[in-house]
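Here's the structure we're looking at; comments come further down.
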Amino acid sequence: MEESKFCSESLVVKTSIVFPTDTNTYGTLFGGKLMAYIDDTAAISAMRHARRGIVTASTDSVDFLYPIHEGNAVCLEAFVTYTGSSSMEVFVKVTAEDLISGERHLCALSFLTMVAIDEHGKPTKVPKVIPQTEEEKSLYESAKERAEARKKRKKETEELAKKYRSLG
Ligand SMILES: CC(C)(COP(=O)(O)OP(=O)(O)OC[C@H]1O[C@@H](n2cnc3c(N)ncnc32)[C@H](O)[C@@H]1OP(=O)(O)O)[C@@H](O)C(=O)NCCC(=O)NCCS
């Protein structure tokens, strides 16, 4: 396994057109469809970094900042910003483009945590990340704080799950 990799080595760019079958009753991209695109793009990015099988451990909140209309191009950019031992934080940026006017909007941002697994499904080590650009450095430096918040949130979810099990 390589010791460390540049963020650019895990970069994934996926662009597609929004068809009527992808939209809700308002003619804008269905949120669930966008979340599937986000997970898909992040998964490919994490696999490029780890060159291993991966699973999605968690997705931080996704705020839909701007609607993506039928006929728009939707573009997702993802790269690995930070790693722990087996986990990788992947940043995903979603922009929409009106292909006639060229107008672009930032529609969503998301952080996902992907975990590399070995042939027995157990978490396994991944290479470190070397940030280069200002954006990569800023995301790298703030990642530890987000990882701590996720740990706390997971504990709270586990407590909640215990409560629901006992009620069930
Ligand atoms: C993700 C998973 C492999 C973690 O396994 P685990 O036995 O809890 O292993 P660990 O506690 O050692 O955690 C492994 C790493 O994942 C990270 N992790 C675990 N749960 C996490 C969560 N909810 N959010 C963020 N990171 C998480 C840990 O911090 C650890 O990171 P590190 O190795 O970089 O320090 C396991 O919980 C799993 O398989 N979950 C289901 C995944 C899945 O099916 N995804 C598809 C959704 S349908």
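Following the order of the structure tokens, first chain is A, next is B, and so on, with residues numbered from 1 inside each chain and ligands from 1 in the order they appear.
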Could you give me, as a tab-separated table, a per-residue list for chain A showing, wherever an atom lies at most 7 Å from an atom of ligand 1, the closest pair of atoms and their distance in Å to one decimal, using only C-alpha atoms and all ligand atoms and sorting by chain then residue number from low to high?
```
residue	atom	partner	partner_atom_place_in_ligand_line	distance
A:Val55	CA	ligand 1	45 (N)	4.8
A:Thr56	CA	ligand 1	45 (N)	4.3
A:Ala57	CA	ligand 1	1 (C)	4.1
A:Ser58	CA	ligand 1	24 (N)	4.5
A:Thr83	CA	ligand 1	34 (O)	6.1
A:Gly84	CA	ligand 1	34 (O)	3.2
A:Ser85	CA	ligand 1	34 (O)	3.7
A:Ser86	CA	ligand 1	33 (O)	3.6
A:Ser87	CA	ligand 1	34 (O)	3.7
A:Met88	CA	ligand 1	34 (O)	6.8
A:Thr113	CA	ligand 1	25 (C)	5.2
A:Val115	CA	ligand 1	16 (O)	5.5
A:Ile117	CA	ligand 1	3 (C)	6.8
A:Lys122	CA	ligand 1	3 (C)	6.5
A:Pro123	CA	ligand 1	14 (C)	5.5
A:Ala147	CA	ligand 1	25 (C)	6.9
A:Arg150	CA	ligand 1	24 (N)	5.6
A:Lys151	CA	ligand 1	24 (N)	6.5
A:Lys154	CA	ligand 1	23 (N)	5.4
```
What residues in range 11-131 of chain A get the DSSP label strand (DSSP E or B)? Please answer as a ChimeraX atom specification. /A:12-17,23,28-29,53-59,69,73-83,87-97,104-117,123,128-130
Hey, could you make a per-residue contact list for range 44-152 of chain A against range 14-33 of chain A with 10 Å as the cut-off, showing the nearest pair of atoms and its distance in Å to one decimal, counting only C-alpha atoms, sorted by chain and number, as JSON lines?
```
{"residue": "A:Val62", "atom": "CA", "partner": "A:Gly31", "partner_atom": "CA", "distance": 9.7}
{"residue": "A:Phe64", "atom": "CA", "partner": "A:Gly31", "partner_atom": "CA", "distance": 8.0}
{"residue": "A:Tyr66", "atom": "CA", "partner": "A:Thr28", "partner_atom": "CA", "distance": 9.9}
{"residue": "A:Pro67", "atom": "CA", "partner": "A:Thr28", "partner_atom": "CA", "distance": 6.1}
{"residue": "A:Ile68", "atom": "CA", "partner": "A:Thr28", "partner_atom": "CA", "distance": 5.3}
{"residue": "A:His69", "atom": "CA", "partner": "A:Thr28", "partner_atom": "CA", "distance": 4.3}
{"residue": "A:Glu70", "atom": "CA", "partner": "A:Val18", "partner_atom": "CA", "distance": 5.0}
{"residue": "A:Gly71", "atom": "CA", "partner": "A:Val18", "partner_atom": "CA", "distance": 5.2}
{"residue": "A:Asn72", "atom": "CA", "partner": "A:Val18", "partner_atom": "CA", "distance": 5.7}
{"residue": "A:Ala73", "atom": "CA", "partner": "A:Ile17", "partner_atom": "CA", "distance": 4.5}
{"residue": "A:Val74", "atom": "CA", "partner": "A:Ser16", "partner_atom": "CA", "distance": 5.5}
{"residue": "A:Cys75", "atom": "CA", "partner": "A:Thr15", "partner_atom": "CA", "distance": 4.3}
{"residue": "A:Leu76", "atom": "CA", "partner": "A:Lys14", "partner_atom": "CA", "distance": 5.2}
{"residue": "A:Glu77", "atom": "CA", "partner": "A:Lys14", "partner_atom": "CA", "distance": 6.6}
{"residue": "A:Ala78", "atom": "CA", "partner": "A:Lys14", "partner_atom": "CA", "distance": 8.8}
{"residue": "A:Val94", "atom": "CA", "partner": "A:Lys14", "partner_atom": "CA", "distance": 9.6}
{"residue": "A:Thr95", "atom": "CA", "partner": "A:Thr15", "partner_atom": "CA", "distance": 9.4}
{"residue": "A:Ala96", "atom": "CA", "partner": "A:Thr15", "partner_atom": "CA", "distance": 9.4}
{"residue": "A:Glu97", "atom": "CA", "partner": "A:Ile17", "partner_atom": "CA", "distance": 9.5}
{"residue": "A:Leu99", "atom": "CA", "partner": "A:Ile17", "partner_atom": "CA", "distance": 9.4}
```
CA of Phe79 in chain A and CA of Gly102 in chain A are how many Å apart?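 About the pair CA of Phe79 in chain A and CA of Gly102 in chain A: they are 24.8 Å apart.
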Secondary structure check, alpha helix (DSSP H) residues of range 109-156 of chain A, as a PyMOL selection string: chain A and resi 134-156
Output C-alpha atoms for every residue in the selection just made, as a short mmCIF file (atom, residue, chain, number, x, y, z; two decimals), in the first residue's frame.
```cif
data_model
loop_
_atom_site.label_atom_id
_atom_site.label_comp_id
_atom_site.auth_asym_id
_atom_site.auth_seq_id
_atom_site.Cartn_x
_atom_site.Cartn_y
_atom_site.Cartn_z
CA GLU A 134 -5.80 26.14 -0.55
CA GLU A 135 -9.23 24.42 -0.66
CA GLU A 136 -7.68 21.00 0.09
CA LYS A 137 -5.56 22.42 2.94
CA SER A 138 -8.53 24.17 4.51
CA LEU A 139 -10.69 21.01 4.32
CA TYR A 140 -7.81 18.89 5.68
CA GLU A 141 -7.23 21.21 8.63
CA SER A 142 -10.91 21.29 9.63
CA ALA A 143 -11.45 17.54 9.20
CA LYS A 144 -10.41 16.44 12.70
CA GLU A 145 -13.12 18.58 14.23
CA ARG A 146 -15.76 17.04 11.92
CA ALA A 147 -14.50 13.53 12.77
CA GLU A 148 -14.91 14.26 16.49
CA ALA A 149 -18.46 15.54 15.91
CA ARG A 150 -19.28 12.33 14.00
CA LYS A 151 -17.99 10.15 16.85
CA LYS A 152 -20.21 12.03 19.28
CA ARG A 153 -23.21 11.75 16.94
CA LYS A 154 -22.64 8.02 16.45
CA LYS A 155 -22.64 7.46 20.23
CA GLU A 156 -25.91 9.36 20.50
#
```
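Pairwise distance (CA of Phe111 in chain A, CA of Pro127 in chain A) equals 18.6 Å.
For the set A:Thr59, A:Pro131, A:Ser4, A:Gly121, the residue with the smallest atom-to-atom gap to Leu109 in chain A is A:Thr59, counting only C-alpha atoms.
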CA of Ala161 in chain A to CA of Ile54 in chain A measures 24.1 Å
Among the residues A:Ser61, A:Ser8, A:Thr157, A:Ser166, the one that comes closest to Val80 in chain A [using only C-alpha atoms]: A:Ser8
Counting only C-alpha atoms, which of A:Leu167, A:Ala108, A:Met114, A:Leu34 gets nearest to His49 in chain A? A:Met114
